[in-house]
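Structure first, then comments.
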Amino acid sequence: MFKRHFFIIVAGAVVALMLVAAVLKIALANEGPTGPGGPGGRGGGQLVEATSPQSREFSDDLKVLGVARSLRSVNITSSTSELVTRVFFNDGQAVRVGAPLVELQTAEEDAAIIQARAQLTQAQREYDRYKTLADRGVAPRVMAENAETALETARAAVTAAEARRGDRILRAPFSGVLGLTTVTQGTLISPGTVITTLDDLSSIRVDFAVPERFLSTLRAGTALTATADAYPGRTFEGRIALMDVRVDEQTRAVTARAEFPNPGGEIRPGMMMRVAVRQGQRQALAVPEAAVQYEGAGAFVYRIAGNDQGSIAQRVEVQAGTVENGFVEIVTGLSLNDRVVASGLNRIQPGAPVRTEDKSKGQAAQAAAPAKADR
């Protein structure tokens with residue numbers, strides 16, 4: 001009996017010692033090496049990175065997307081069903097206006113020309129004879145006049161036959177570059193069948209929608225730039241050629257047409273172009289994107305403020321502007337002397353104590369390099 005009670009007493013003592021040790025460990029962890037609350041005593045709390053708003057250059061760029069179109073573009077087709085007898089071009093060839101591209105079968109047209117010329121010869125012979133007789137007074141003048149009419153009709157018939165023969169050769173309507181084709185000699189084509197494409201690549205047009213609020217600042221001749229995914233890091237210079245006269249009632253936007261010189265033919269029709277119209281530059285306060293929290297239509301930052309117990313995080317509403325190269329423009333709500341939490345906003349409670357690490361120095365070099373704005 002004594003032994004059983006002894007073991008119970010010993011086990012209870014061991015459990016009590018374990019509980020005391022756990023309590024002491026928790027207390028020491030909360031107290032930290034320098035006193036209650038961890039590092040810094042009463043000034044302890046959540047460790048955060050701090051930064052200060054910086055004056056940064058922002059560019060007021062209107063950025064839109066557009067699709068490149070050639071200055072002139074056409075599909076070469078035939079108006080009749082006929083066999084192709086000759087192909088005069090190669091895929092991707094540059095041609096001048098009027099250059100022959102394809103010849104269709106012309107047997108009937110050639111025969112019609114021969115017939116028309118024979119009739120013209122006969123009409124000319126009869127006119128010469130009746131005119132001579134009329135001049136001598138042997139034949140009535142009206143017969144010479146009828147022969148002259150028949151002669152003019154025969155000449156017109158020859159002209160029409162030659163025109164129909166000429167229509168059997170399809171020619172380039174303007175200078176440009178031809179596309180790919182599957183048409184070869186002996187191919188039977190039908191009306192509307194695309195034989196090849198022809199594009200004038202000397203200049204490229206880009207149509208894009210512009211919000212109506214920019215109408216007062218945009219006009220024909222305004223300079224702009226564009227980039228394309230096919231040419232990373234390259235910028236194309238152009239200008240606004242035309243502004244549409246109507247504003248879309250649904251989108252409240254107007255279509256602008258830009259033109260870009262394309263002497264090397266690098267910009268291809270159909271390419272997606274990112275067009276930027278520079279409106280000017282300005283200096284404004286900025287903080288890193290990670291320091292700004294968005295809720296609905298509002299934006300917030302956590303400003304670091306001091307009190308009797310150290311530093312605390314205050315949730316401050318700000319008016320955010322342009323986002324550029326990882327920085328957010330702060331229109332109102334902060335000053336140069338403020339310090340804000342640079343990251344980890346989801347772990348912070350308003351009014352909670354914080355400990356800070358300065359991040360401003362690491363951002364100074366970044367803020368010195370301006371970049372284009374994302375609208």
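Please note that chains go A, B, ... in the order of the structure tokens, that every chain numbers its residues from 1, and that ligands are numbered from 1 in the order shown.
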Quiz item: Hey, what does DSSP flag as strand (DSSP E or B) within stretch 151-240 of chain A? Can you give it to me as a ChimeraX atom specification?
Solution: /A:169-171,176-178,188-189,194-211,223-228,236-240
Quiz item: Among stretch 128-246 of chain A, which residues carry a DSSP assignment of helix (DSSP H, G or I), reported as a PyMOL selection string?
Solution: chain A and resi 128-136+141-166+212-214
For the selection you just gave me, I'd like the residues written to a file as a tab-separated table (two decimals), in the first residue's frame, keeping C-alpha atoms.
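Saved as part.tsv:
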```tsv
chain	number	residue	atom	x	y	z
A	128	ASP	CA	-13.39	53.88	-148.47
A	129	ARG	CA	-15.40	52.70	-151.53
A	130	TYR	CA	-18.64	54.54	-150.67
A	131	LYS	CA	-16.76	57.69	-149.73
A	132	THR	CA	-15.01	57.71	-153.12
A	133	LEU	CA	-18.33	57.17	-154.95
A	134	ALA	CA	-20.04	59.84	-152.91
A	135	ASP	CA	-17.24	62.29	-153.61
A	136	ARG	CA	-17.67	61.66	-157.35
A	141	ARG	CA	-23.92	60.78	-149.50
A	142	VAL	CA	-26.08	58.84	-147.02
A	143	MET	CA	-24.47	55.57	-148.07
A	144	ALA	CA	-21.03	56.97	-147.22
A	145	GLU	CA	-22.37	58.13	-143.86
A	146	ASN	CA	-23.81	54.69	-143.11
A	147	ALA	CA	-20.48	53.12	-144.05
A	148	GLU	CA	-18.69	55.51	-141.69
A	149	THR	CA	-21.02	54.51	-138.84
A	150	ALA	CA	-20.35	50.84	-139.54
A	151	LEU	CA	-16.62	51.56	-139.47
A	152	GLU	CA	-16.81	53.24	-136.04
A	153	THR	CA	-18.87	50.32	-134.74
A	154	ALA	CA	-16.25	47.86	-135.96
A	155	ARG	CA	-13.50	49.85	-134.26
A	156	ALA	CA	-15.42	49.79	-130.98
A	157	ALA	CA	-15.91	46.03	-131.31
A	158	VAL	CA	-12.15	45.58	-131.64
A	159	THR	CA	-11.54	47.74	-128.58
A	160	ALA	CA	-14.09	45.73	-126.56
A	161	ALA	CA	-12.59	42.40	-127.65
A	162	GLU	CA	-9.10	43.54	-126.69
A	163	ALA	CA	-10.39	44.75	-123.30
A	164	ARG	CA	-11.96	41.37	-122.62
A	165	ARG	CA	-8.65	39.79	-123.55
A	166	GLY	CA	-6.86	42.14	-121.18
A	212	GLU	CA	-13.56	60.93	-75.08
A	213	ARG	CA	-11.93	62.83	-72.20
A	214	PHE	CA	-8.69	62.88	-74.22
```
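Here atom CA of A:Glu324 and atom CA of A:Phe58 stand 7.2 Å from one another.
For the pair atom CA of A:Ile76 and atom CA of A:Glu266, the separation is 22.7 Å.
Nearest residue to A:Phe208 among A:Asp167, A:Glu237, A:Glu295, A:Glu259 is A:Glu259, counting only C-alpha atoms.
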Quiz prompt | All residues 9 Å or closer to stretch 287-294 of chain A, only C-alpha atoms, same chain fewer than 3 positions away omitted, as a list in words | solution = Thr51, Ser52, Pro53, Gln54, Ala297, Gly298, Ala299, Phe300, Val301, Tyr302, Val318, Ala320, Val323, Gly326, Phe327, Val328, Glu329, Ile330, Val340, Val341, Ala342, Ser343, Gly344, Leu345, Asn346 and Gln363 of chain A
How about saving the chosen residues, C-alpha atoms kept, as a PDB file, in the first residue's frame?
```
ATOM      1  CA  THR A  51      10.121  52.685 -46.163  1.00  0.00           C
ATOM      2  CA  SER A  52       9.503  56.360 -46.788  1.00  0.00           C
ATOM      3  CA  PRO A  53       7.613  57.950 -49.695  1.00  0.00           C
ATOM      4  CA  GLN A  54       9.962  59.224 -52.375  1.00  0.00           C
ATOM      5  CA  ALA A 297     -12.512  51.747 -54.625  1.00  0.00           C
ATOM      6  CA  GLY A 298     -10.187  52.794 -51.805  1.00  0.00           C
ATOM      7  CA  ALA A 299      -6.472  52.380 -51.160  1.00  0.00           C
ATOM      8  CA  PHE A 300      -4.684  52.162 -47.793  1.00  0.00           C
ATOM      9  CA  VAL A 301      -1.178  52.082 -46.339  1.00  0.00           C
ATOM     10  CA  TYR A 302       0.100  51.380 -42.830  1.00  0.00           C
ATOM     11  CA  VAL A 318      -4.555  57.428 -49.517  1.00  0.00           C
ATOM     12  CA  ALA A 320      -3.481  56.281 -55.424  1.00  0.00           C
ATOM     13  CA  VAL A 323       1.323  52.580 -61.221  1.00  0.00           C
ATOM     14  CA  GLY A 326       6.609  48.732 -59.245  1.00  0.00           C
ATOM     15  CA  PHE A 327       5.731  52.071 -57.631  1.00  0.00           C
ATOM     16  CA  VAL A 328       2.351  53.639 -56.896  1.00  0.00           C
ATOM     17  CA  GLU A 329       1.816  57.371 -57.126  1.00  0.00           C
ATOM     18  CA  ILE A 330       0.378  58.796 -53.901  1.00  0.00           C
ATOM     19  CA  VAL A 340       5.110  53.188 -44.003  1.00  0.00           C
ATOM     20  CA  VAL A 341       5.145  49.402 -43.860  1.00  0.00           C
ATOM     21  CA  ALA A 342       6.695  48.167 -47.104  1.00  0.00           C
ATOM     22  CA  SER A 343       5.353  44.604 -47.177  1.00  0.00           C
ATOM     23  CA  GLY A 344       3.409  41.944 -45.285  1.00  0.00           C
ATOM     24  CA  LEU A 345       0.313  44.064 -44.776  1.00  0.00           C
ATOM     25  CA  ASN A 346      -1.904  41.017 -44.281  1.00  0.00           C
ATOM     26  CA  GLN A 363      14.736  51.484 -53.206  1.00  0.00           C
TER      27      GLN A 363
END
```
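Minimum distance to A:Arg72 across A:Leu188, A:Leu198, A:Val87, A:Tyr127 (counting only C-alpha atoms) occurs at A:Leu198.
Counting only C-alpha atoms and comparing A:Thr80, A:Ser335, A:Ser73, A:Thr106, the residue that lies closest to A:Ser190 is A:Thr80.
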Practice problem: Could you give me, as a ChimeraX atom specification, the residues within 8 Å of A:Ala305, counting only C-alpha atoms and dropping anything in the same chain fewer than 6 positions from it? | Solution: /A:311-314,339
Quiz item: Near A:Val210, within 10 Å and counting only C-alpha atoms, which residues show up once chain neighbours fewer than 6 positions away are dropped, as a list of chain:residue names?
Solution: A:Leu62, A:Lys63, A:Val64, A:Leu218, A:Met243, A:Val247, A:Thr251, A:Arg252, A:Ala253, A:Val254, A:Thr255, A:Ala256
Would you write out those residues with N, CA and C atoms, as a PDB file, in the first residue's frame?
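Below is the file that was written, part_5.pdb:
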```pdb
ATOM      1  N   LEU A  62      -0.936  57.729 -72.283  1.00  0.00           N
ATOM      2  CA  LEU A  62      -2.174  57.032 -72.616  1.00  0.00           C
ATOM      3  C   LEU A  62      -1.778  55.762 -73.348  1.00  0.00           C
ATOM      4  N   LYS A  63      -2.065  54.615 -72.775  1.00  0.00           N
ATOM      5  CA  LYS A  63      -1.667  53.336 -73.363  1.00  0.00           C
ATOM      6  C   LYS A  63      -2.898  52.561 -73.806  1.00  0.00           C
ATOM      7  N   VAL A  64      -2.877  52.132 -75.051  1.00  0.00           N
ATOM      8  CA  VAL A  64      -3.990  51.379 -75.635  1.00  0.00           C
ATOM      9  C   VAL A  64      -3.428  50.267 -76.520  1.00  0.00           C
ATOM     10  N   LEU A 218      -5.682  65.290 -78.016  1.00  0.00           N
ATOM     11  CA  LEU A 218      -5.246  64.508 -79.169  1.00  0.00           C
ATOM     12  C   LEU A 218      -5.780  65.119 -80.448  1.00  0.00           C
ATOM     13  N   MET A 243      -8.587  61.404 -86.705  1.00  0.00           N
ATOM     14  CA  MET A 243      -9.488  61.130 -85.588  1.00  0.00           C
ATOM     15  C   MET A 243     -10.900  61.006 -86.159  1.00  0.00           C
ATOM     16  N   VAL A 247     -18.224  59.841 -81.765  1.00  0.00           N
ATOM     17  CA  VAL A 247     -17.926  59.185 -80.501  1.00  0.00           C
ATOM     18  C   VAL A 247     -18.923  58.051 -80.311  1.00  0.00           C
ATOM     19  N   THR A 251     -19.475  53.029 -75.694  1.00  0.00           N
ATOM     20  CA  THR A 251     -18.189  53.009 -74.994  1.00  0.00           C
ATOM     21  C   THR A 251     -17.669  54.394 -74.627  1.00  0.00           C
ATOM     22  N   ARG A 252     -18.290  55.442 -75.149  1.00  0.00           N
ATOM     23  CA  ARG A 252     -17.837  56.821 -74.951  1.00  0.00           C
ATOM     24  C   ARG A 252     -16.389  56.980 -75.374  1.00  0.00           C
ATOM     25  N   ALA A 253     -16.045  56.365 -76.493  1.00  0.00           N
ATOM     26  CA  ALA A 253     -14.681  56.433 -77.025  1.00  0.00           C
ATOM     27  C   ALA A 253     -14.740  56.801 -78.494  1.00  0.00           C
ATOM     28  N   VAL A 254     -13.642  57.369 -78.991  1.00  0.00           N
ATOM     29  CA  VAL A 254     -13.525  57.739 -80.396  1.00  0.00           C
ATOM     30  C   VAL A 254     -12.349  56.966 -80.985  1.00  0.00           C
ATOM     31  N   THR A 255     -12.472  56.586 -82.238  1.00  0.00           N
ATOM     32  CA  THR A 255     -11.409  55.823 -82.893  1.00  0.00           C
ATOM     33  C   THR A 255     -10.369  56.771 -83.478  1.00  0.00           C
ATOM     34  N   ALA A 256      -9.113  56.513 -83.142  1.00  0.00           N
ATOM     35  CA  ALA A 256      -7.987  57.267 -83.707  1.00  0.00           C
ATOM     36  C   ALA A 256      -7.200  56.343 -84.620  1.00  0.00           C
TER      37      ALA A 256
END
```
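Atom CA of A:Thr196 is positioned 12.7 Å from atom CA of A:Pro100.
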